>>> print(open('entry34.cif').read())   # mmCIF, C-alpha atoms
data_query
#
loop_
_atom_site.label_atom_id
_atom_site.label_comp_id
_atom_site.auth_asym_id
_atom_site.auth_seq_id
_atom_site.Cartn_x
_atom_site.Cartn_y
_atom_site.Cartn_z
CA MET D 29 0.00 0.00 0.00
CA LYS D 30 1.34 3.42 -0.98
CA VAL D 31 1.62 5.87 1.90
CA LYS D 32 0.13 9.21 0.85
CA TYR D 33 0.69 11.10 4.06
CA ASP D 34 3.00 10.76 7.05
CA LYS D 35 2.66 12.71 10.27
CA SER D 36 5.36 15.35 10.45
CA LYS D 37 8.53 14.35 12.25
CA GLY D 38 8.26 17.73 13.90
CA LEU D 39 5.44 16.35 16.07
CA THR D 40 5.65 13.65 18.72
CA ASP D 41 3.36 10.62 18.82
CA LYS D 42 1.39 12.02 21.75
CA PRO D 43 -2.27 12.65 20.79
CA LEU D 44 -3.25 16.31 20.76
CA SER D 45 -5.48 17.41 23.64
CA TYR D 46 -7.51 20.05 21.82
CA CYS D 47 -11.31 20.08 21.51
CA PRO D 48 -13.04 18.87 18.33
CA GLY D 49 -13.01 21.57 15.67
CA CYS D 50 -10.22 23.58 17.31
CA THR D 51 -7.62 24.63 14.75
CA HIS D 52 -4.67 24.52 17.16
CA GLY D 53 -3.91 21.12 15.66
CA ILE D 54 -3.60 22.55 12.16
CA ILE D 55 -1.30 25.29 13.42
CA HIS D 56 0.87 22.75 15.25
CA LYS D 57 1.17 20.80 12.02
CA LEU D 58 2.24 23.89 10.06
CA VAL D 59 4.86 24.87 12.62
CA ALA D 60 6.22 21.32 12.77
CA GLU D 61 6.37 20.94 9.00
CA SER D 62 8.14 24.29 8.66
CA LEU D 63 10.82 23.31 11.16
CA VAL D 64 11.44 20.04 9.32
CA GLU D 65 11.46 21.55 5.83
CA LEU D 66 13.90 24.29 6.88
CA GLU D 67 16.10 21.62 8.52
CA ILE D 68 16.09 23.42 11.86
CA LEU D 69 14.10 20.97 13.99
CA ASP D 70 17.23 19.82 15.83
CA LYS D 71 18.07 23.45 16.64
CA ALA D 72 14.55 24.53 17.61
CA ILE D 73 13.46 25.40 21.15
CA ALA D 74 9.75 25.88 21.80
CA ILE D 75 8.46 28.07 24.60
CA ALA D 76 5.05 26.92 25.78
CA SER D 77 2.57 29.44 27.17
CA VAL D 78 -0.29 29.02 29.63
CA GLY D 79 -3.67 28.37 28.06
CA CYS D 80 -5.09 25.73 25.74
CA SER D 81 -1.59 25.23 24.30
CA VAL D 82 0.00 24.69 27.71
CA PHE D 83 1.01 21.13 26.76
CA SER D 84 2.54 22.11 23.42
CA TYR D 85 5.93 21.09 24.80
CA GLU D 86 4.64 17.51 24.64
CA PHE D 87 3.56 17.87 21.00
CA PHE D 88 6.53 19.56 19.29
CA ASN D 89 9.37 17.12 18.71
CA CYS D 90 12.10 19.50 19.80
CA ASP D 91 13.52 20.92 22.99
CA ALA D 92 10.97 22.98 24.90
CA GLN D 93 10.47 25.00 28.06
CA GLN D 94 7.30 25.94 29.92
CA ALA D 95 6.94 29.65 30.68
CA PRO D 96 4.96 31.24 33.51
CA HIS D 97 1.67 32.79 32.42
CA GLY D 98 2.33 35.62 29.96
CA ARG D 99 6.11 35.44 30.26
CA ALA D 100 6.85 33.39 27.12
CA CYS D 101 8.69 36.21 25.33
CA ALA D 102 10.73 37.01 28.43
CA LEU D 103 11.80 33.37 28.70
CA ALA D 104 12.44 33.17 24.96
CA THR D 105 14.66 36.24 25.22
CA GLY D 106 16.81 34.56 27.86
CA VAL D 107 17.05 31.29 25.96
CA LYS D 108 17.95 33.01 22.68
CA ARG D 109 20.61 35.19 24.27
CA VAL D 110 22.25 32.18 25.89
CA LEU D 111 21.86 30.01 22.77
CA PRO D 112 21.93 32.49 19.86
CA ASP D 113 22.48 29.79 17.23
CA ASN D 114 19.23 28.02 18.12
CA ILE D 115 15.80 28.77 16.67
CA VAL D 116 13.57 29.94 19.53
CA PHE D 117 9.83 30.36 19.17
CA THR D 118 6.90 30.98 21.48
CA TYR D 119 3.42 29.53 20.99
CA GLN D 120 0.81 31.77 22.67
CA GLY D 121 -2.93 32.39 22.72
CA ASP D 122 -4.67 35.75 22.95
CA GLY D 123 -5.13 35.51 26.71
CA ASP D 124 -1.47 34.75 27.35
CA LEU D 125 -0.09 37.26 24.85
CA ALA D 126 -2.65 40.06 24.52
CA SER D 127 -3.60 40.22 28.21
CA ILE D 128 -1.20 39.16 30.95
CA GLY D 129 1.80 38.95 28.62
CA ILE D 130 1.32 42.13 26.60
CA ALA D 131 4.18 44.02 28.30
CA GLU D 132 6.71 41.20 27.87
CA THR D 133 5.76 40.81 24.22
CA ILE D 134 5.89 44.53 23.42
CA HIS D 135 9.30 44.99 25.00
CA ALA D 136 10.75 41.89 23.31
CA ALA D 137 9.56 43.33 20.00
CA ASN D 138 10.89 46.77 20.85
CA ARG D 139 14.32 45.34 21.59
CA GLY D 140 14.22 43.48 18.30
CA GLU D 141 14.84 40.13 19.97
CA ASN D 142 15.63 37.57 17.29
CA ILE D 143 12.77 35.22 18.20
CA THR D 144 9.57 34.09 16.50
CA VAL D 145 6.13 34.39 18.09
CA ILE D 146 3.25 32.17 16.97
CA PHE D 147 0.18 34.05 18.21
CA VAL D 148 -3.16 32.21 18.08
CA ASN D 149 -6.17 34.55 18.19
CA ASN D 150 -9.58 32.91 18.74
CA ALA D 151 -11.16 35.93 20.45
CA ILE D 152 -11.90 34.15 23.72
CA TYR D 153 -10.30 32.54 26.77
CA GLY D 154 -10.45 28.87 25.84
CA MET D 155 -8.88 26.84 28.64
CA THR D 156 -10.52 28.59 31.60
CA GLY D 157 -14.13 28.48 30.44
CA GLY D 158 -14.84 30.93 27.64
CA GLN D 159 -14.43 34.31 29.33
CA MET D 160 -14.10 37.54 27.36
CA ALA D 161 -10.57 38.11 26.04
CA PRO D 162 -8.85 41.33 24.95
CA THR D 163 -9.61 40.25 21.38
CA SER D 164 -13.31 39.41 21.87
CA LEU D 165 -15.55 41.24 19.40
CA ILE D 166 -18.08 43.95 20.17
CA GLY D 167 -21.36 42.13 20.77
CA GLN D 168 -19.67 38.77 21.36
CA LYS D 169 -21.27 36.80 24.18
CA THR D 170 -18.97 35.05 26.62
CA THR D 171 -19.27 33.72 30.15
CA THR D 172 -18.21 37.14 31.46
CA SER D 173 -20.11 39.22 28.88
CA GLN D 174 -23.41 37.38 28.65
CA ASP D 175 -25.18 40.33 27.02
CA GLY D 176 -22.32 40.82 24.58
CA ARG D 177 -19.17 42.91 24.76
CA THR D 178 -19.78 46.65 24.66
CA GLN D 179 -17.31 49.44 23.97
CA ALA D 180 -18.56 51.57 26.86
CA LEU D 181 -18.18 48.84 29.47
CA HIS D 182 -15.34 46.67 28.13
CA GLY D 183 -13.48 48.73 25.55
CA ASN D 184 -12.71 47.67 21.99
CA PRO D 185 -10.95 44.48 20.89
CA ILE D 186 -7.17 44.91 20.79
CA HIS D 187 -5.57 44.63 17.36
CA ILE D 188 -2.17 43.15 18.10
CA SER D 189 -0.74 43.11 14.56
CA GLU D 190 -1.72 46.70 13.91
CA MET D 191 -0.23 47.76 17.25
CA PHE D 192 3.04 45.90 16.76
CA SER D 193 3.49 47.17 13.21
CA THR D 194 4.51 50.52 14.73
CA ILE D 195 7.43 48.99 16.66
CA LYS D 196 10.81 49.45 14.97
CA GLY D 197 12.27 46.21 16.30
CA VAL D 198 9.71 44.10 14.41
CA ALA D 199 11.21 42.57 11.25
CA TYR D 200 8.22 40.64 9.94
CA LEU D 201 4.58 40.58 11.01
CA GLU D 202 1.66 38.93 9.25
CA ARG D 203 -1.89 37.94 10.17
CA VAL D 204 -3.18 34.73 8.59
CA SER D 205 -6.01 32.24 9.08
CA VAL D 206 -6.50 28.48 8.84
CA HIS D 207 -10.24 28.33 8.16
CA ASN D 208 -9.91 26.83 4.66
CA PRO D 209 -7.22 25.07 2.57
CA LYS D 210 -6.17 28.21 0.67
CA ASN D 211 -5.51 30.10 3.88
CA VAL D 212 -3.79 27.11 5.48
CA MET D 213 -1.24 27.21 2.66
CA LYS D 214 -0.77 30.97 3.13
CA ALA D 215 -0.30 30.44 6.87
CA LYS D 216 2.38 27.81 6.25
CA LYS D 217 4.24 30.19 3.94
CA ALA D 218 4.14 32.96 6.55
CA ILE D 219 5.37 30.70 9.35
CA LYS D 220 8.28 29.45 7.24
CA LYS D 221 9.21 33.02 6.33
CA ALA D 222 9.25 34.03 10.00
CA PHE D 223 11.66 31.20 10.82
CA GLU D 224 13.80 32.08 7.79
CA TYR D 225 14.08 35.66 9.05
CA GLN D 226 15.17 34.38 12.44
CA LYS D 227 17.82 32.21 10.78
CA ALA D 228 19.07 35.33 9.01
CA ASN D 229 19.18 37.28 12.31
CA LYS D 230 16.73 39.91 11.08
CA GLY D 231 14.99 40.43 14.42
CA PHE D 232 11.58 39.93 15.99
CA THR D 233 8.99 38.08 13.91
CA MET D 234 5.37 37.33 14.75
CA ILE D 235 2.63 35.44 12.93
CA GLU D 236 -0.89 36.09 14.20
CA ILE D 237 -3.22 33.24 13.29
CA VAL D 238 -6.99 33.71 13.43
CA SER D 239 -8.30 30.47 14.91
CA THR D 240 -11.49 28.81 16.18
CA CYS D 241 -12.98 27.79 19.52
CA PRO D 242 -16.25 25.99 18.69
CA VAL D 243 -16.87 24.77 22.25
CA ASN D 244 -16.65 28.16 23.93
CA TRP D 245 -18.26 29.95 21.00
CA GLY D 246 -21.18 27.53 21.39
CA VAL D 247 -21.27 26.54 17.72
CA LYS D 248 -20.56 23.46 15.61
CA PRO D 249 -17.05 23.14 14.13
CA VAL D 250 -18.22 23.86 10.57
CA ASP D 251 -20.13 26.93 11.74
CA ALA D 252 -17.04 28.08 13.63
CA LEU D 253 -15.08 28.13 10.38
CA LYS D 254 -17.85 30.17 8.78
CA TRP D 255 -17.83 32.61 11.72
CA VAL D 256 -14.10 33.16 11.25
CA GLU D 257 -14.78 34.38 7.73
CA SER D 258 -17.98 36.32 8.41
CA ASP D 259 -17.05 37.99 11.72
CA LEU D 260 -13.44 37.54 12.85
CA ILE D 261 -11.61 38.37 9.64
CA PRO D 262 -13.57 41.60 9.03
CA GLU D 263 -12.48 42.70 12.52
CA PHE D 264 -8.95 41.30 12.14
CA PRO D 265 -8.11 41.64 8.43
CA LEU D 266 -5.48 39.30 7.04
CA GLY D 267 -2.27 40.46 5.46
CA VAL D 268 1.33 41.54 5.95
CA PHE D 269 1.62 44.39 8.44
CA LYS D 270 5.38 44.75 8.37
CA ASP D 271 8.22 43.25 6.37
CA LYS D 272 11.64 44.83 6.70
CA GLY D 273 13.11 42.36 4.21
CA ASP D 274 16.68 43.35 3.49
CA GLN D 275 16.14 46.88 4.74
CA ASN D 276 17.44 48.12 8.06
CA GLU D 277 15.50 50.63 10.16
#
>>> encode(input="entry34.cif", output="structure tokens")
Amino acid sequence: MKVKYDKSKGLTDKPLSYCPGCTHGIIHKLVAESLVELEILDKAIAIASVGCSVFSYEFFNCDAQQAPHGRACALATGVKRVLPDNIVFTYQGDGDLASIGIAETIHAANRGENITVIFVNNAIYGMTGGQMAPTSLIGQKTTTSQDGRTQALHGNPIHISEMFSTIKGVAYLERVSVHNPKNVMKAKKAIKKAFEYQKANKGFTMIEIVSTCPVNWGVKPVDALKWVESDLIPEFPLGVFKDKGDQNE
């Protein structure tokens, strides 16, 4: 029998712990495949955040370290400075990065730390029960905004890519999605480019990935993919927000 597909060697054999319909698994696959294809898996060091992806250190088949809540970029900074020839990346959700870890992430970007951030934005706190996140949409109902998020009471959703595009230390920043095959391929290309920039010592790179959370959104997996396109992407438009390329700022 001809084998048409093999699981990436960048992933371990441990089954993923994510809920049905969650696209964390797709993102893990893209990161793992990129590390293998760029021949940097043996040099990669993953920094796991706190949130749904807290066990990512058991899924990526490379060295890994668990960071305290929100401190992934601070830990990644230390690891990269001690081991500058390694490829260091964080894997963070919107609660970990856009809320408790916003300061650590901003200052790592501002310093131009030569690390890569994989930022998964599903507009809700997934692991702790579906509370409103900094990225939750106006009108979005969560366990802590049961009548829907309002600007007057909760403020507006934070746009991380737009915010970070103003920081000089950022070398490459793109927002992608994985809600259909076409966008999955675009996401893979962006992730590989971020790692390539790190290999070339170009500075801080971040890929924001618009993702799903069917369980806490209270919808079926297929409907969650549709909601990404109808609601999330209009609020968080896809595209390249910064690409220094060969230029120096």
>>> atom_distance(input="entry34.cif", atom1="atom CA of Pro185 of chain D", atom2="atom CA of Phe264 of chain D")
9.5 Å
>>> resolve_selection(input="entry34.cif", expression="the PyMOL selection byres ((chain D and resi 71-87) around 9)", output="ChimeraX atom specification")
/D:38-46,52,56,63,67-70,88-101,103-104,107-108,113-121,123-125,153-156
>>> resolve_selection(input="entry34.cif", expression="the PyMOL selection byres ((chain D and resi 136) around 12)", output="PDB file with C-alpha atoms, keeping the file's coordinate frame")
ATOM      1  CA  ARG D  99       6.110  35.440  30.260  1.00  0.00           C
ATOM      2  CA  ALA D 100       6.850  33.390  27.120  1.00  0.00           C
ATOM      3  CA  CYS D 101       8.690  36.210  25.330  1.00  0.00           C
ATOM      4  CA  ALA D 102      10.730  37.010  28.430  1.00  0.00           C
ATOM      5  CA  LEU D 103      11.800  33.370  28.700  1.00  0.00           C
ATOM      6  CA  ALA D 104      12.440  33.170  24.960  1.00  0.00           C
ATOM      7  CA  THR D 105      14.660  36.240  25.220  1.00  0.00           C
ATOM      8  CA  GLY D 106      16.810  34.560  27.860  1.00  0.00           C
ATOM      9  CA  LYS D 108      17.950  33.010  22.680  1.00  0.00           C
ATOM     10  CA  ARG D 109      20.610  35.190  24.270  1.00  0.00           C
ATOM     11  CA  THR D 118       6.900  30.980  21.480  1.00  0.00           C
ATOM     12  CA  LEU D 125      -0.090  37.260  24.850  1.00  0.00           C
ATOM     13  CA  GLY D 129       1.800  38.950  28.620  1.00  0.00           C
ATOM     14  CA  ILE D 130       1.320  42.130  26.600  1.00  0.00           C
ATOM     15  CA  ALA D 131       4.180  44.020  28.300  1.00  0.00           C
ATOM     16  CA  GLU D 132       6.710  41.200  27.870  1.00  0.00           C
ATOM     17  CA  THR D 133       5.760  40.810  24.220  1.00  0.00           C
ATOM     18  CA  ILE D 134       5.890  44.530  23.420  1.00  0.00           C
ATOM     19  CA  HIS D 135       9.300  44.990  25.000  1.00  0.00           C
ATOM     20  CA  ALA D 137       9.560  43.330  20.000  1.00  0.00           C
ATOM     21  CA  ASN D 138      10.890  46.770  20.850  1.00  0.00           C
ATOM     22  CA  ARG D 139      14.320  45.340  21.590  1.00  0.00           C
ATOM     23  CA  GLY D 140      14.220  43.480  18.300  1.00  0.00           C
ATOM     24  CA  GLU D 141      14.840  40.130  19.970  1.00  0.00           C
ATOM     25  CA  ASN D 142      15.630  37.570  17.290  1.00  0.00           C
ATOM     26  CA  ILE D 143      12.770  35.220  18.200  1.00  0.00           C
ATOM     27  CA  THR D 144       9.570  34.090  16.500  1.00  0.00           C
ATOM     28  CA  VAL D 145       6.130  34.390  18.090  1.00  0.00           C
ATOM     29  CA  PHE D 192       3.040  45.900  16.760  1.00  0.00           C
ATOM     30  CA  ILE D 195       7.430  48.990  16.660  1.00  0.00           C
ATOM     31  CA  LYS D 196      10.810  49.450  14.970  1.00  0.00           C
ATOM     32  CA  GLY D 197      12.270  46.210  16.300  1.00  0.00           C
ATOM     33  CA  VAL D 198       9.710  44.100  14.410  1.00  0.00           C
ATOM     34  CA  GLY D 231      14.990  40.430  14.420  1.00  0.00           C
ATOM     35  CA  PHE D 232      11.580  39.930  15.990  1.00  0.00           C
ATOM     36  CA  THR D 233       8.990  38.080  13.910  1.00  0.00           C
ATOM     37  CA  MET D 234       5.370  37.330  14.750  1.00  0.00           C
TER      38      MET D 234
END
>>> residues_around(input="entry34.cif", residues="Asn244 of chain D", least_positions_apart="2", cutoff="12 Å", atoms="all atoms listed in the file", output="PyMOL selection string")
chain D and resi 47-50+80+150-161+164+168-172+240-242+246-249+252
>>> closest_residue(input="entry34.cif", among="D:Arg177, D:Lys214, D:Lys270, D:His207", to="Trp255 of chain D", atoms="only C-alpha atoms")
D:His207
>>> axis_aligned_box(input="entry34.cif", around="segment 189-197 of chain D", padding_each_side="8 Å", output="JSON")
{"center_x": 5.3, "center_y": 46.8, "center_z": 15.2, "size_x": 30.0, "size_y": 23.4, "size_z": 20.0}
>>> atom_distance(input="entry34.cif", atom1="atom CA of Asn184 of chain D", atom2="atom CA of Tyr200 of chain D")
25.2 Å
>>> decode(input="entry34.cif", residues="segment 93-118 of chain D", atoms="N, CA and C atoms", output="CSV table (one decimal), in the first residue's frame")
chain,number,residue,atom,x,y,z
D,93,GLN,N,10.5,24.5,26.7
D,93,GLN,CA,10.5,25.0,28.1
D,93,GLN,C,9.1,25.6,28.3
D,94,GLN,N,8.6,25.4,29.5
D,94,GLN,CA,7.3,25.9,29.9
D,94,GLN,C,7.5,27.3,30.6
D,95,ALA,N,6.8,28.3,30.1
D,95,ALA,CA,6.9,29.6,30.7
D,95,ALA,C,5.8,29.9,31.7
D,96,PRO,N,6.1,30.8,32.7
D,96,PRO,CA,5.0,31.2,33.5
D,96,PRO,C,4.0,32.0,32.7
D,97,HIS,N,2.8,32.2,33.2
D,97,HIS,CA,1.7,32.8,32.4
D,97,HIS,C,2.1,34.2,31.9
D,98,GLY,N,2.1,34.3,30.6
D,98,GLY,CA,2.3,35.6,30.0
D,98,GLY,C,3.8,35.9,29.8
D,99,ARG,N,4.7,35.1,30.3
D,99,ARG,CA,6.1,35.4,30.3
D,99,ARG,C,6.9,34.7,29.2
D,100,ALA,N,6.2,34.2,28.2
D,100,ALA,CA,6.9,33.4,27.1
D,100,ALA,C,8.0,34.2,26.4
D,101,CYS,N,7.7,35.4,26.1
D,101,CYS,CA,8.7,36.2,25.3
D,101,CYS,C,9.9,36.6,26.2
D,102,ALA,N,9.6,36.8,27.5
D,102,ALA,CA,10.7,37.0,28.4
D,102,ALA,C,11.6,35.8,28.5
D,103,LEU,N,11.0,34.6,28.6
D,103,LEU,CA,11.8,33.4,28.7
D,103,LEU,C,12.5,33.1,27.4
D,104,ALA,N,11.8,33.4,26.3
D,104,ALA,CA,12.4,33.2,25.0
D,104,ALA,C,13.6,34.1,24.8
D,105,THR,N,13.5,35.3,25.3
D,105,THR,CA,14.7,36.2,25.2
D,105,THR,C,15.9,35.7,25.9
D,106,GLY,N,15.7,35.1,27.1
D,106,GLY,CA,16.8,34.6,27.9
D,106,GLY,C,17.4,33.4,27.2
D,107,VAL,N,16.6,32.5,26.7
D,107,VAL,CA,17.1,31.3,26.0
D,107,VAL,C,17.8,31.7,24.7
D,108,LYS,N,17.3,32.6,23.9
D,108,LYS,CA,17.9,33.0,22.7
D,108,LYS,C,19.3,33.7,22.9
D,109,ARG,N,19.4,34.5,24.0
D,109,ARG,CA,20.6,35.2,24.3
D,109,ARG,C,21.7,34.2,24.8
D,110,VAL,N,21.3,33.2,25.4
D,110,VAL,CA,22.3,32.2,25.9
D,110,VAL,C,22.6,31.2,24.8
D,111,LEU,N,21.7,30.9,23.9
D,111,LEU,CA,21.9,30.0,22.8
D,111,LEU,C,21.5,30.7,21.5
D,112,PRO,N,22.3,31.7,21.0
D,112,PRO,CA,21.9,32.5,19.9
D,112,PRO,C,21.9,31.7,18.5
D,113,ASP,N,22.5,30.6,18.5
D,113,ASP,CA,22.5,29.8,17.2
D,113,ASP,C,21.2,28.9,17.1
D,114,ASN,N,20.4,28.8,18.2
D,114,ASN,CA,19.2,28.0,18.1
D,114,ASN,C,18.1,28.8,17.6
D,115,ILE,N,17.0,28.1,17.1
D,115,ILE,CA,15.8,28.8,16.7
D,115,ILE,C,14.8,28.7,17.8
D,116,VAL,N,14.4,29.9,18.4
D,116,VAL,CA,13.6,29.9,19.5
D,116,VAL,C,12.2,30.5,19.1
D,117,PHE,N,11.2,29.8,19.5
D,117,PHE,CA,9.8,30.4,19.2
D,117,PHE,C,8.9,30.2,20.3
D,118,THR,N,8.0,31.1,20.5
D,118,THR,CA,6.9,31.0,21.5
D,118,THR,C,5.6,30.6,20.8
